[in-house]
Amino acid sequence: MANPGDFAYSVKQQADIVRVIGEYVKLKKAGAQNFSGLCPFHQEKSPSFSVHATRQFFHCFGCGVSGDVFSFVQKLENITFPEAVRAVAQKVGVPLPKVSYSSPAEAQEARLRGELLDIHDRATLFFQEQLRRPEAAHAREYLAGRGLNEEMIAKFRMGYAPESGFLLRDRLRGQFGEEVLKGSGLFSWKEPDRPTGERQMARPDVRDEAEATGTVTDDVRDKSTRPALYSKFRNRIIFPIANEAGRVIAFTGRTLASDEKSGPKYLNSPETAIYSKSRVLFNLDLAKEAIRKLDYVIMVEGQMDCISVYAAGFHNVIASSGTAFTELQARLLGRFSKNVVVNFDPDTAGASATARTLGLLVAEEFQIKVLTLEPGFDPDLFIRRKGTAAYEDALRKSQNYFDYLIERAQTLFPVRTAEGKVKAVNFLLPYLQRLPSRIARDEIAREMSQKLSIDSAVLQQELRHAAANRSATPLKAPPETQITQAEQILIRALASAAEIQFGTNPAEGRISGPEGAEEAFDPARQAHFALSQERLHAGLATESLIEALLKAVGGPSDPMSLPVSESERRLLASTLMRDEEELTLESVDGAIEALRRGDLERRQRRIQMQIADAERRNDDTVLGQLVREKRELDRALAGVPPGASQRQQI
């Protein structure tokens, strides 16, 4: 939580939440102070996620999540609060102090991530240095043969992993502990043999060096307990994988060897504390601004395809890095644009990957086109052989995704036969099933029936059956307390308070300044006076929330950081987000009067029940008192001032 005087509070005062969240979510103006977009925390087809520019908080009316700029970054990046504060500070250019954590476990977790990021930074520089060395001539020749110049090599921070498995280890060992190195994903290791005995002699390489120099010591012998770390990446072109902020979190290595012992053609970092492959898209850090500007993204499979397309001037390109496209990646991409051109390899594997990817993108309601290049050409080879203009032309001719799928079904199955038609329909139905819009499903079903020569009534029946079995269900917003308009107005009024010193003028029912002169209307002052003096909120579902706001008025507290329950925080957020109507003297007074009347009506109902009980007990004394109280309440509800005589009423 950000408290006045601390670093987090200072950062929050300087951070523009619209700009920060705008780096993650495509926001559009939706009112005087509100911006809206698709919620990054749940699947939705129409925007229910709002950001309030003045109050500096966000709220989703779909899933109920809300908070400030720190909680947004913390939740989306899956990091601790101190890390979120530092991340926001870096975004807004606030110098960072020494960080503190709320618990030793939190500190250890953050320290590990920080060290892993440092390791990857240093490893990136190491690989870049190695690429410039004479021993890397064959690596430079390979990159030149792929059409990459020094500018693009530097842009993507490409490097070379030498054949030695120990150079990188030796570079990092003096700066980081053994366990952190093992957790980085950069190394493999073999645990040393442990024969019986008090000590084991050091490994041969360590022992021979020590004996040659006459320095065999207990320390040398104890090195036998170290695992034999060696680099995973050897004799490979290195492609750094960066997170959305541009920090390197993993690597892909492309082998330069052709023998059986060289391992896989492409070797990827394993998952670590800073890298989860299902959450990362290659080149998103460089492409996100172009994606926002152009409002569409080109999706390719591998790093080389991505780099070649980027180098050709299409900067809105990302890659799935050769791994299976995931729902998390689809949602990540959807934060920047819902328009995508999928350009995977045209071979069988590429077509299958395209089909899988389309299924996820359809479910996330992307507007999808498919770019299919000539057989034998991936994007990299196509651009190198045919040029940028040819790729741009092919991009313009990208086909609608269901046209692509129907053509693929016609290619895979002989639709001239009944069996082939059944297989084609079964191939296409899962994609239709994922479409949330019934209108879109009906339209595509008609197109399918025409192109596959299938009776439309039969296809519609199959489609209805598939739609009935759809597993996806729309997300329902968490239930919120139903409150009156008057309560909403007074909650907004209290939350509008700045630092206020209160003085009261009971005779006028207004808040006055120190000298007794009435100040300009302030909704917070007016609401605070009425509610604190008359306790009009007592017994309401919003009582504890209003009480917390009353205590906060007069101080610099952020209303979204009040110590209230999560349901009350959601209620507060949704109420404050709907504040397009200006708070006026008339609206606040009207809300106060509505609560007064509501309070009188509740008291009237309560007394009526007490009167009935007194009548059953034949308690004339209590009954007389209750009847007098009810008469006063009836007169108050009728608008008669307390204590007025019958003559005055006439």
# chains A, B, ... in the order shown; residues from 1 in each chain; ligands from 1
call {"tool": "closest_atom_pairs", "arguments": {"of": "stretch 38-125 of chain A", "to": "stretch 276-296 of chain A", "cutoff": "12 Å", "atoms": "only C-alpha atoms", "output": "Markdown table"}}
result
| residue | atom | partner | partner_atom | distance |
| --- | --- | --- | --- | --- |
| A:Leu76 | CA | A:Arg279 | CA | 10.8 |
| A:Glu77 | CA | A:Arg279 | CA | 9.9 |
| A:Asn78 | CA | A:Arg279 | CA | 11.0 |
call {"tool": "residues_around", "arguments": {"residues": "A:Leu112", "least_positions_apart": "3", "cutoff": "8 Å", "atoms": "only C-alpha atoms", "output": "PyMOL selection string"}}
result
chain A and resi 108-109+115-116+180+273
call {"tool": "select_by_dssp", "arguments": {"residues": "stretch 91-148 of chain A", "states": "alpha helix (DSSP H)", "output": "compact mmCIF listing (two decimals) with all heavy atoms, in the first residue's frame"}}
result
# COMPACT_ATOMS: atom_id res chain seq x y z
N LYS A 91 9.13 3.30 -15.37
CA LYS A 91 8.31 3.75 -16.50
C LYS A 91 8.13 5.27 -16.50
O LYS A 91 8.06 5.89 -17.57
CB LYS A 91 6.93 3.08 -16.46
CG LYS A 91 6.94 1.59 -16.77
CD LYS A 91 5.54 1.00 -16.62
CE LYS A 91 5.53 -0.51 -16.79
NZ LYS A 91 5.89 -0.93 -18.15
N VAL A 92 8.06 5.85 -15.30
CA VAL A 92 7.81 7.30 -15.23
C VAL A 92 9.08 8.09 -14.94
O VAL A 92 9.04 9.30 -14.77
CB VAL A 92 6.73 7.61 -14.17
CG1 VAL A 92 5.42 6.93 -14.53
CG2 VAL A 92 7.16 7.21 -12.78
N PRO A 104 10.77 -11.88 4.61
CA PRO A 104 11.99 -12.49 4.08
C PRO A 104 11.73 -13.32 2.82
O PRO A 104 12.55 -13.33 1.90
CB PRO A 104 12.47 -13.38 5.24
CG PRO A 104 11.89 -12.75 6.46
CD PRO A 104 10.57 -12.21 6.04
N ALA A 105 10.58 -14.01 2.78
CA ALA A 105 10.27 -14.83 1.60
C ALA A 105 10.08 -13.96 0.37
O ALA A 105 10.56 -14.29 -0.73
CB ALA A 105 9.01 -15.65 1.86
N GLU A 106 9.38 -12.84 0.54
CA GLU A 106 9.18 -11.91 -0.57
C GLU A 106 10.50 -11.33 -1.03
O GLU A 106 10.76 -11.21 -2.24
CB GLU A 106 8.22 -10.79 -0.15
CG GLU A 106 7.85 -9.84 -1.28
CD GLU A 106 6.94 -8.73 -0.81
OE1 GLU A 106 7.40 -7.85 -0.05
OE2 GLU A 106 5.76 -8.73 -1.20
N ALA A 107 11.35 -11.00 -0.09
CA ALA A 107 12.67 -10.46 -0.44
C ALA A 107 13.50 -11.47 -1.19
O ALA A 107 14.17 -11.14 -2.18
CB ALA A 107 13.39 -10.01 0.84
N GLN A 108 13.46 -12.73 -0.74
CA GLN A 108 14.24 -13.78 -1.40
C GLN A 108 13.75 -14.02 -2.82
O GLN A 108 14.54 -14.17 -3.75
CB GLN A 108 14.15 -15.07 -0.59
CG GLN A 108 15.00 -16.21 -1.15
CD GLN A 108 14.93 -17.46 -0.29
OE1 GLN A 108 14.22 -17.49 0.70
NE2 GLN A 108 15.64 -18.49 -0.68
N GLU A 109 12.43 -14.03 -2.99
CA GLU A 109 11.84 -14.25 -4.31
C GLU A 109 12.22 -13.12 -5.27
O GLU A 109 12.61 -13.36 -6.41
CB GLU A 109 10.31 -14.33 -4.17
CG GLU A 109 9.59 -14.63 -5.47
CD GLU A 109 8.08 -14.64 -5.28
OE1 GLU A 109 7.62 -14.63 -4.12
OE2 GLU A 109 7.37 -14.66 -6.29
N ALA A 110 12.11 -11.89 -4.79
CA ALA A 110 12.46 -10.75 -5.63
C ALA A 110 13.96 -10.72 -5.92
O ALA A 110 14.38 -10.38 -7.03
CB ALA A 110 12.04 -9.45 -4.94
N ARG A 111 14.77 -11.08 -4.92
CA ARG A 111 16.22 -11.10 -5.12
C ARG A 111 16.61 -12.13 -6.18
O ARG A 111 17.47 -11.87 -7.02
CB ARG A 111 16.91 -11.41 -3.79
CG ARG A 111 18.44 -11.19 -3.83
CD ARG A 111 19.07 -11.51 -2.48
NE ARG A 111 18.49 -10.71 -1.42
CZ ARG A 111 17.76 -11.21 -0.43
NH1 ARG A 111 17.51 -12.51 -0.37
NH2 ARG A 111 17.27 -10.42 0.51
N LEU A 112 15.95 -13.29 -6.15
CA LEU A 112 16.24 -14.33 -7.14
C LEU A 112 15.91 -13.83 -8.54
O LEU A 112 16.71 -13.99 -9.47
CB LEU A 112 15.44 -15.60 -6.82
CG LEU A 112 15.51 -16.71 -7.87
CD1 LEU A 112 16.94 -17.20 -8.06
CD2 LEU A 112 14.59 -17.87 -7.50
N ARG A 113 14.73 -13.23 -8.69
CA ARG A 113 14.36 -12.73 -10.02
C ARG A 113 15.33 -11.65 -10.48
O ARG A 113 15.70 -11.58 -11.65
CB ARG A 113 12.92 -12.20 -10.00
CG ARG A 113 11.89 -13.30 -10.08
CD ARG A 113 10.55 -12.74 -10.53
NE ARG A 113 9.96 -11.88 -9.52
CZ ARG A 113 9.08 -12.29 -8.61
NH1 ARG A 113 8.70 -13.54 -8.59
NH2 ARG A 113 8.58 -11.45 -7.74
N GLY A 114 15.72 -10.78 -9.55
CA GLY A 114 16.67 -9.73 -9.91
C GLY A 114 18.00 -10.30 -10.36
O GLY A 114 18.59 -9.85 -11.35
N GLU A 115 18.48 -11.32 -9.65
CA GLU A 115 19.75 -11.95 -10.02
C GLU A 115 19.64 -12.67 -11.36
O GLU A 115 20.57 -12.61 -12.18
CB GLU A 115 20.18 -12.93 -8.92
CG GLU A 115 20.69 -12.25 -7.66
CD GLU A 115 21.25 -13.24 -6.66
OE1 GLU A 115 20.53 -14.20 -6.30
OE2 GLU A 115 22.41 -13.06 -6.24
N LEU A 116 18.51 -13.31 -11.60
CA LEU A 116 18.33 -14.01 -12.88
C LEU A 116 18.30 -13.02 -14.04
O LEU A 116 18.84 -13.29 -15.12
CB LEU A 116 17.05 -14.84 -12.86
CG LEU A 116 17.05 -16.06 -11.92
CD1 LEU A 116 15.72 -16.79 -12.00
CD2 LEU A 116 18.20 -17.01 -12.26
N LEU A 117 17.67 -11.87 -13.83
CA LEU A 117 17.67 -10.84 -14.88
C LEU A 117 19.09 -10.34 -15.13
O LEU A 117 19.51 -10.15 -16.28
CB LEU A 117 16.76 -9.68 -14.49
CG LEU A 117 15.25 -9.96 -14.56
CD1 LEU A 117 14.47 -8.81 -13.92
CD2 LEU A 117 14.80 -10.15 -16.00
N ASP A 118 19.85 -10.15 -14.05
CA ASP A 118 21.25 -9.71 -14.20
C ASP A 118 22.07 -10.76 -14.94
O ASP A 118 22.89 -10.43 -15.80
CB ASP A 118 21.87 -9.45 -12.82
CG ASP A 118 21.35 -8.17 -12.18
OD1 ASP A 118 20.75 -7.36 -12.91
OD2 ASP A 118 21.51 -8.01 -10.96
N ILE A 119 21.87 -12.04 -14.59
CA ILE A 119 22.59 -13.11 -15.27
C ILE A 119 22.31 -13.09 -16.77
O ILE A 119 23.22 -13.22 -17.60
CB ILE A 119 22.21 -14.49 -14.67
CG1 ILE A 119 22.87 -14.66 -13.30
CG2 ILE A 119 22.61 -15.63 -15.60
CD1 ILE A 119 22.47 -15.93 -12.58
N HIS A 120 21.04 -12.91 -17.12
CA HIS A 120 20.68 -12.91 -18.54
C HIS A 120 21.23 -11.67 -19.26
O HIS A 120 21.61 -11.75 -20.43
CB HIS A 120 19.17 -13.01 -18.70
CG HIS A 120 18.65 -14.41 -18.53
ND1 HIS A 120 18.53 -15.01 -17.30
CD2 HIS A 120 18.25 -15.33 -19.45
CE1 HIS A 120 18.07 -16.24 -17.46
NE2 HIS A 120 17.89 -16.46 -18.74
N ASP A 121 21.28 -10.55 -18.57
CA ASP A 121 21.91 -9.36 -19.16
C ASP A 121 23.39 -9.62 -19.46
O ASP A 121 23.89 -9.32 -20.55
CB ASP A 121 21.80 -8.16 -18.22
CG ASP A 121 20.39 -7.57 -18.19
OD1 ASP A 121 19.61 -7.86 -19.12
OD2 ASP A 121 20.08 -6.83 -17.24
N ARG A 122 24.09 -10.21 -18.48
CA ARG A 122 25.52 -10.46 -18.64
C ARG A 122 25.76 -11.56 -19.67
O ARG A 122 26.73 -11.49 -20.44
CB ARG A 122 26.13 -10.85 -17.28
CG ARG A 122 26.11 -9.71 -16.27
CD ARG A 122 26.48 -10.20 -14.87
NE ARG A 122 26.19 -9.20 -13.87
CZ ARG A 122 27.07 -8.33 -13.38
NH1 ARG A 122 28.31 -8.34 -13.84
NH2 ARG A 122 26.73 -7.46 -12.45
N ALA A 123 24.89 -12.57 -19.69
CA ALA A 123 25.03 -13.62 -20.69
C ALA A 123 24.81 -13.06 -22.09
O ALA A 123 25.51 -13.46 -23.04
CB ALA A 123 24.03 -14.75 -20.41
N THR A 124 23.86 -12.14 -22.24
CA THR A 124 23.62 -11.51 -23.55
C THR A 124 24.87 -10.79 -24.03
O THR A 124 25.28 -10.92 -25.21
CB THR A 124 22.44 -10.53 -23.46
OG1 THR A 124 21.26 -11.23 -23.04
CG2 THR A 124 22.17 -9.87 -24.80
N LEU A 125 25.47 -10.01 -23.15
CA LEU A 125 26.72 -9.31 -23.52
C LEU A 125 27.83 -10.30 -23.85
O LEU A 125 28.61 -10.09 -24.79
CB LEU A 125 27.15 -8.40 -22.37
CG LEU A 125 26.24 -7.20 -22.08
CD1 LEU A 125 26.70 -6.47 -20.82
CD2 LEU A 125 26.24 -6.24 -23.28
N PHE A 126 27.90 -11.39 -23.10
CA PHE A 126 28.91 -12.42 -23.36
C PHE A 126 28.73 -13.00 -24.76
O PHE A 126 29.70 -13.12 -25.53
CB PHE A 126 28.80 -13.52 -22.31
CG PHE A 126 29.63 -14.74 -22.60
CD1 PHE A 126 30.99 -14.77 -22.29
CD2 PHE A 126 29.07 -15.86 -23.20
CE1 PHE A 126 31.76 -15.89 -22.56
CE2 PHE A 126 29.83 -16.99 -23.48
CZ PHE A 126 31.18 -17.00 -23.16
N PHE A 127 27.50 -13.38 -25.11
CA PHE A 127 27.25 -13.96 -26.42
C PHE A 127 27.53 -12.96 -27.55
O PHE A 127 28.04 -13.33 -28.61
CB PHE A 127 25.80 -14.45 -26.52
CG PHE A 127 25.48 -15.62 -25.63
CD1 PHE A 127 24.31 -15.65 -24.87
CD2 PHE A 127 26.35 -16.71 -25.54
CE1 PHE A 127 24.02 -16.73 -24.06
CE2 PHE A 127 26.06 -17.80 -24.71
CZ PHE A 127 24.89 -17.80 -23.97
N GLN A 128 27.21 -11.68 -27.30
CA GLN A 128 27.50 -10.65 -28.31
C GLN A 128 29.01 -10.49 -28.50
O GLN A 128 29.49 -10.34 -29.64
CB GLN A 128 26.87 -9.32 -27.89
CG GLN A 128 25.35 -9.30 -28.02
CD GLN A 128 24.76 -7.99 -27.53
OE1 GLN A 128 24.98 -7.56 -26.40
NE2 GLN A 128 24.01 -7.33 -28.40
N GLU A 129 29.74 -10.50 -27.40
CA GLU A 129 31.21 -10.41 -27.49
C GLU A 129 31.78 -11.60 -28.26
O GLU A 129 32.67 -11.44 -29.11
CB GLU A 129 31.82 -10.38 -26.08
CG GLU A 129 31.53 -9.11 -25.30
CD GLU A 129 31.97 -9.25 -23.85
OE1 GLU A 129 32.60 -10.29 -23.51
OE2 GLU A 129 31.68 -8.33 -23.05
N GLN A 130 31.27 -12.79 -27.98
CA GLN A 130 31.78 -13.99 -28.63
C GLN A 130 31.53 -13.96 -30.13
O GLN A 130 32.33 -14.49 -30.91
CB GLN A 130 31.12 -15.24 -28.02
CG GLN A 130 31.49 -15.49 -26.56
CD GLN A 130 32.98 -15.73 -26.38
OE1 GLN A 130 33.59 -16.50 -27.12
NE2 GLN A 130 33.57 -15.06 -25.38
N LEU A 131 30.42 -13.34 -30.54
CA LEU A 131 30.12 -13.26 -31.98
C LEU A 131 31.15 -12.42 -32.73
O LEU A 131 31.36 -12.63 -33.93
CB LEU A 131 28.71 -12.67 -32.17
CG LEU A 131 28.19 -12.61 -33.62
CD1 LEU A 131 28.12 -14.00 -34.24
CD2 LEU A 131 26.84 -11.92 -33.67
N ARG A 132 31.81 -11.50 -32.03
CA ARG A 132 32.82 -10.64 -32.68
C ARG A 132 34.20 -11.28 -32.72
O ARG A 132 35.11 -10.75 -33.35
CB ARG A 132 32.87 -9.29 -31.97
CG ARG A 132 31.59 -8.47 -32.10
CD ARG A 132 31.79 -7.06 -31.59
NE ARG A 132 31.89 -7.01 -30.13
CZ ARG A 132 30.87 -6.83 -29.31
NH1 ARG A 132 29.65 -6.67 -29.81
NH2 ARG A 132 31.03 -6.79 -28.00
N ALA A 137 33.73 -16.79 -36.81
CA ALA A 137 33.62 -16.41 -38.23
C ALA A 137 32.50 -17.17 -38.93
O ALA A 137 31.74 -16.61 -39.72
CB ALA A 137 34.96 -16.65 -38.93
N HIS A 138 32.37 -18.47 -38.61
CA HIS A 138 31.34 -19.25 -39.28
C HIS A 138 29.94 -18.80 -38.85
O HIS A 138 28.98 -18.89 -39.62
CB HIS A 138 31.53 -20.75 -38.99
CG HIS A 138 31.38 -21.13 -37.55
ND1 HIS A 138 32.08 -20.53 -36.52
CD2 HIS A 138 30.61 -22.08 -36.96
CE1 HIS A 138 31.74 -21.08 -35.37
NE2 HIS A 138 30.85 -22.04 -35.61
N ALA A 139 29.80 -18.30 -37.62
CA ALA A 139 28.51 -17.79 -37.15
C ALA A 139 28.15 -16.51 -37.88
O ALA A 139 27.00 -16.31 -38.30
CB ALA A 139 28.56 -17.55 -35.64
N ARG A 140 29.14 -15.63 -38.08
CA ARG A 140 28.89 -14.38 -38.80
C ARG A 140 28.54 -14.67 -40.26
O ARG A 140 27.68 -14.01 -40.86
CB ARG A 140 30.11 -13.46 -38.70
CG ARG A 140 30.37 -12.97 -37.28
CD ARG A 140 31.40 -11.83 -37.27
NE ARG A 140 32.71 -12.28 -37.74
CZ ARG A 140 33.66 -12.81 -36.97
NH1 ARG A 140 33.42 -12.98 -35.66
NH2 ARG A 140 34.83 -13.16 -37.45
N GLU A 141 29.20 -15.67 -40.84
CA GLU A 141 28.90 -16.05 -42.22
C GLU A 141 27.46 -16.56 -42.33
O GLU A 141 26.75 -16.26 -43.30
CB GLU A 141 29.88 -17.12 -42.70
CG GLU A 141 31.30 -16.61 -42.92
CD GLU A 141 32.27 -17.75 -43.22
OE1 GLU A 141 31.81 -18.89 -43.41
OE2 GLU A 141 33.49 -17.48 -43.26
N TYR A 142 27.05 -17.33 -41.35
CA TYR A 142 25.69 -17.86 -41.36
C TYR A 142 24.68 -16.71 -41.33
O TYR A 142 23.72 -16.68 -42.11
CB TYR A 142 25.46 -18.78 -40.17
CG TYR A 142 24.02 -19.17 -39.98
CD1 TYR A 142 23.47 -20.22 -40.72
CD2 TYR A 142 23.19 -18.48 -39.09
CE1 TYR A 142 22.13 -20.58 -40.57
CE2 TYR A 142 21.86 -18.82 -38.93
CZ TYR A 142 21.33 -19.87 -39.68
OH TYR A 142 20.01 -20.21 -39.55
N LEU A 143 24.88 -15.74 -40.44
CA LEU A 143 23.95 -14.62 -40.33
C LEU A 143 23.94 -13.77 -41.58
O LEU A 143 22.88 -13.31 -42.03
CB LEU A 143 24.30 -13.77 -39.10
CG LEU A 143 24.08 -14.46 -37.74
CD1 LEU A 143 24.63 -13.58 -36.62
CD2 LEU A 143 22.61 -14.75 -37.52
N ALA A 144 25.12 -13.57 -42.17
CA ALA A 144 25.19 -12.80 -43.42
C ALA A 144 24.44 -13.54 -44.52
O ALA A 144 23.74 -12.93 -45.34
CB ALA A 144 26.64 -12.57 -43.81
N GLY A 145 24.57 -14.86 -44.54
CA GLY A 145 23.86 -15.66 -45.53
C GLY A 145 22.36 -15.60 -45.36
O GLY A 145 21.61 -15.84 -46.32
call {"tool": "closest_atom_pairs", "arguments": {"of": "stretch 64-99 of chain A", "to": "stretch 26-40 of chain A", "cutoff": "12 Å", "atoms": "only C-alpha atoms", "output": "tab-separated table"}}
result
residue	atom	partner	partner_atom	distance
A:Gly64	CA	A:Cys39	CA	10.3
A:Val65	CA	A:Cys39	CA	9.3
A:Ser66	CA	A:Cys39	CA	10.8
A:Phe72	CA	A:Pro40	CA	9.8
A:Val73	CA	A:Pro40	CA	11.2
A:Lys75	CA	A:Pro40	CA	10.1
A:Leu76	CA	A:Pro40	CA	7.8
A:Glu77	CA	A:Pro40	CA	11.2
call {"tool": "residues_around", "arguments": {"residues": "stretch 54-63 of chain A", "least_positions_apart": "3", "cutoff": "8 Å", "atoms": "only C-alpha atoms", "output": "list in words"}}
result
Asp16, Ile17, Val18, Gln33, Cys39, Phe41, His42, Ser48, Phe49, Ser50, Val51, Ser66, Gly67, Asp68, Val69, Leu475, Lys476, Ala477, Pro478, Met560, Arg570, Ala573, Ser574 and Met577 of chain A
call {"tool": "write_last_selection", "arguments": {"atoms": "N, CA, C and O atoms", "output": "mmCIF file, in the first residue's frame"}}
result
data_model
loop_
_atom_site.group_PDB
_atom_site.id
_atom_site.type_symbol
_atom_site.label_atom_id
_atom_site.label_comp_id
_atom_site.auth_asym_id
_atom_site.auth_seq_id
_atom_site.Cartn_x
_atom_site.Cartn_y
_atom_site.Cartn_z
ATOM 1 N N ASP A 16 0.984 8.442 -14.337
ATOM 2 C CA ASP A 16 -0.298 8.580 -15.026
ATOM 3 C C ASP A 16 -0.808 7.177 -15.310
ATOM 4 O O ASP A 16 -0.277 6.475 -16.177
ATOM 5 N N ILE A 17 -1.823 6.757 -14.590
ATOM 6 C CA ILE A 17 -2.295 5.376 -14.719
ATOM 7 C C ILE A 17 -2.798 5.073 -16.123
ATOM 8 O O ILE A 17 -2.672 3.951 -16.614
ATOM 9 N N VAL A 18 -3.347 6.072 -16.802
ATOM 10 C CA VAL A 18 -3.834 5.854 -18.171
ATOM 11 C C VAL A 18 -2.665 5.515 -19.089
ATOM 12 O O VAL A 18 -2.744 4.599 -19.919
ATOM 13 N N GLN A 33 -13.619 11.576 -17.909
ATOM 14 C CA GLN A 33 -12.431 11.132 -17.178
ATOM 15 C C GLN A 33 -12.125 9.650 -17.371
ATOM 16 O O GLN A 33 -11.110 9.172 -16.884
ATOM 17 N N CYS A 39 -10.663 -6.151 -20.847
ATOM 18 C CA CYS A 39 -10.013 -6.512 -19.584
ATOM 19 C C CYS A 39 -8.911 -7.543 -19.824
ATOM 20 O O CYS A 39 -9.159 -8.581 -20.459
ATOM 21 N N PHE A 41 -7.642 -9.373 -17.569
ATOM 22 C CA PHE A 41 -7.701 -10.393 -16.518
ATOM 23 C C PHE A 41 -8.784 -11.444 -16.748
ATOM 24 O O PHE A 41 -8.898 -12.393 -15.988
ATOM 25 N N HIS A 42 -9.610 -11.253 -17.769
ATOM 26 C CA HIS A 42 -10.587 -12.287 -18.124
ATOM 27 C C HIS A 42 -10.967 -12.124 -19.589
ATOM 28 O O HIS A 42 -10.706 -11.105 -20.213
ATOM 29 N N SER A 48 -15.325 -3.930 -20.799
ATOM 30 C CA SER A 48 -15.947 -3.654 -19.497
ATOM 31 C C SER A 48 -14.899 -3.163 -18.507
ATOM 32 O O SER A 48 -15.187 -2.980 -17.334
ATOM 33 N N PHE A 49 -13.682 -2.960 -19.014
ATOM 34 C CA PHE A 49 -12.546 -2.532 -18.182
ATOM 35 C C PHE A 49 -12.404 -1.017 -18.309
ATOM 36 O O PHE A 49 -12.319 -0.483 -19.420
ATOM 37 N N SER A 50 -12.406 -0.309 -17.178
ATOM 38 C CA SER A 50 -12.357 1.151 -17.186
ATOM 39 C C SER A 50 -11.203 1.671 -16.340
ATOM 40 O O SER A 50 -10.862 1.077 -15.315
ATOM 41 N N VAL A 51 -10.652 2.766 -16.785
ATOM 42 C CA VAL A 51 -9.583 3.456 -16.052
ATOM 43 C C VAL A 51 -10.030 4.893 -15.820
ATOM 44 O O VAL A 51 -10.454 5.572 -16.765
ATOM 45 N N SER A 66 -10.249 -4.575 -9.400
ATOM 46 C CA SER A 66 -10.010 -3.135 -9.376
ATOM 47 C C SER A 66 -8.754 -2.858 -8.572
ATOM 48 O O SER A 66 -8.241 -3.726 -7.867
ATOM 49 N N GLY A 67 -8.251 -1.647 -8.685
ATOM 50 C CA GLY A 67 -7.052 -1.283 -7.934
ATOM 51 C C GLY A 67 -6.370 -0.076 -8.521
ATOM 52 O O GLY A 67 -6.918 0.635 -9.374
ATOM 53 N N ASP A 68 -5.144 0.160 -8.070
ATOM 54 C CA ASP A 68 -4.372 1.305 -8.552
ATOM 55 C C ASP A 68 -3.321 0.841 -9.541
ATOM 56 O O ASP A 68 -3.302 -0.315 -9.963
ATOM 57 N N VAL A 69 -2.437 1.754 -9.897
ATOM 58 C CA VAL A 69 -1.435 1.446 -10.918
ATOM 59 C C VAL A 69 -0.505 0.331 -10.464
ATOM 60 O O VAL A 69 -0.079 -0.512 -11.271
ATOM 61 N N LEU A 475 -18.344 -15.063 -18.543
ATOM 62 C CA LEU A 475 -17.974 -14.762 -17.156
ATOM 63 C C LEU A 475 -19.007 -13.827 -16.554
ATOM 64 O O LEU A 475 -19.394 -12.839 -17.162
ATOM 65 N N LYS A 476 -19.478 -14.149 -15.392
ATOM 66 C CA LYS A 476 -20.429 -13.296 -14.701
ATOM 67 C C LYS A 476 -19.693 -12.434 -13.694
ATOM 68 O O LYS A 476 -18.790 -12.886 -13.013
ATOM 69 N N ALA A 477 -20.121 -11.198 -13.631
ATOM 70 C CA ALA A 477 -19.495 -10.293 -12.669
ATOM 71 C C ALA A 477 -19.834 -10.728 -11.257
ATOM 72 O O ALA A 477 -20.900 -11.276 -11.002
ATOM 73 N N PRO A 478 -18.910 -10.535 -10.334
ATOM 74 C CA PRO A 478 -19.215 -10.868 -8.937
ATOM 75 C C PRO A 478 -20.431 -10.079 -8.474
ATOM 76 O O PRO A 478 -20.599 -8.919 -8.856
ATOM 77 N N MET A 560 -9.379 4.283 -2.703
ATOM 78 C CA MET A 560 -9.257 2.895 -3.121
ATOM 79 C C MET A 560 -8.330 2.095 -2.210
ATOM 80 O O MET A 560 -8.239 0.880 -2.337
ATOM 81 N N ARG A 570 -14.912 -3.300 -4.492
ATOM 82 C CA ARG A 570 -15.501 -3.389 -5.835
ATOM 83 C C ARG A 570 -16.671 -2.419 -5.973
ATOM 84 O O ARG A 570 -16.837 -1.760 -6.996
ATOM 85 N N ALA A 573 -15.298 1.080 -6.286
ATOM 86 C CA ALA A 573 -14.710 1.291 -7.615
ATOM 87 C C ALA A 573 -15.783 1.484 -8.672
ATOM 88 O O ALA A 573 -15.709 2.407 -9.496
ATOM 89 N N SER A 574 -16.798 0.629 -8.669
ATOM 90 C CA SER A 574 -17.852 0.748 -9.685
ATOM 91 C C SER A 574 -18.637 2.043 -9.517
ATOM 92 O O SER A 574 -19.065 2.655 -10.495
ATOM 93 N N MET A 577 -16.394 4.962 -10.707
ATOM 94 C CA MET A 577 -16.167 4.937 -12.144
ATOM 95 C C MET A 577 -17.339 5.543 -12.913
ATOM 96 O O MET A 577 -17.194 5.981 -14.041
#
call {"tool": "closest_residue", "arguments": {"among": "A:Arg335, A:Lys451, A:Arg446, A:Arg635", "to": "A:Gln410", "atoms": "only C-alpha atoms"}}
result
A:Lys451
call {"tool": "residues_around", "arguments": {"residues": "A:Ala538", "least_positions_apart": "5", "cutoff": "10 Å", "atoms": "only C-alpha atoms", "output": "MDAnalysis selection string"}}
result
chainID A and resid 531 543:544 546:547 599
call {"tool": "residues_around", "arguments": {"residues": "A:Pro563", "least_positions_apart": "3", "cutoff": "10 Å", "atoms": "only C-alpha atoms", "output": "MDAnalysis selection string"}}
result
chainID A and resid 545 548:549 559:560 566 568:569
call {"tool": "residues_around", "arguments": {"residues": "A:Ile241", "least_positions_apart": "5", "cutoff": "7 Å", "atoms": "only C-alpha atoms", "output": "JSON, numbers by chain"}}
result
{"A": [248, 249, 250, 251, 282]}
call {"tool": "closest_residue", "arguments": {"among": "A:Arg434, A:Arg146, A:Lys397, A:Lys45", "to": "A:Leu358", "atoms": "only C-alpha atoms"}}
result
A:Arg434
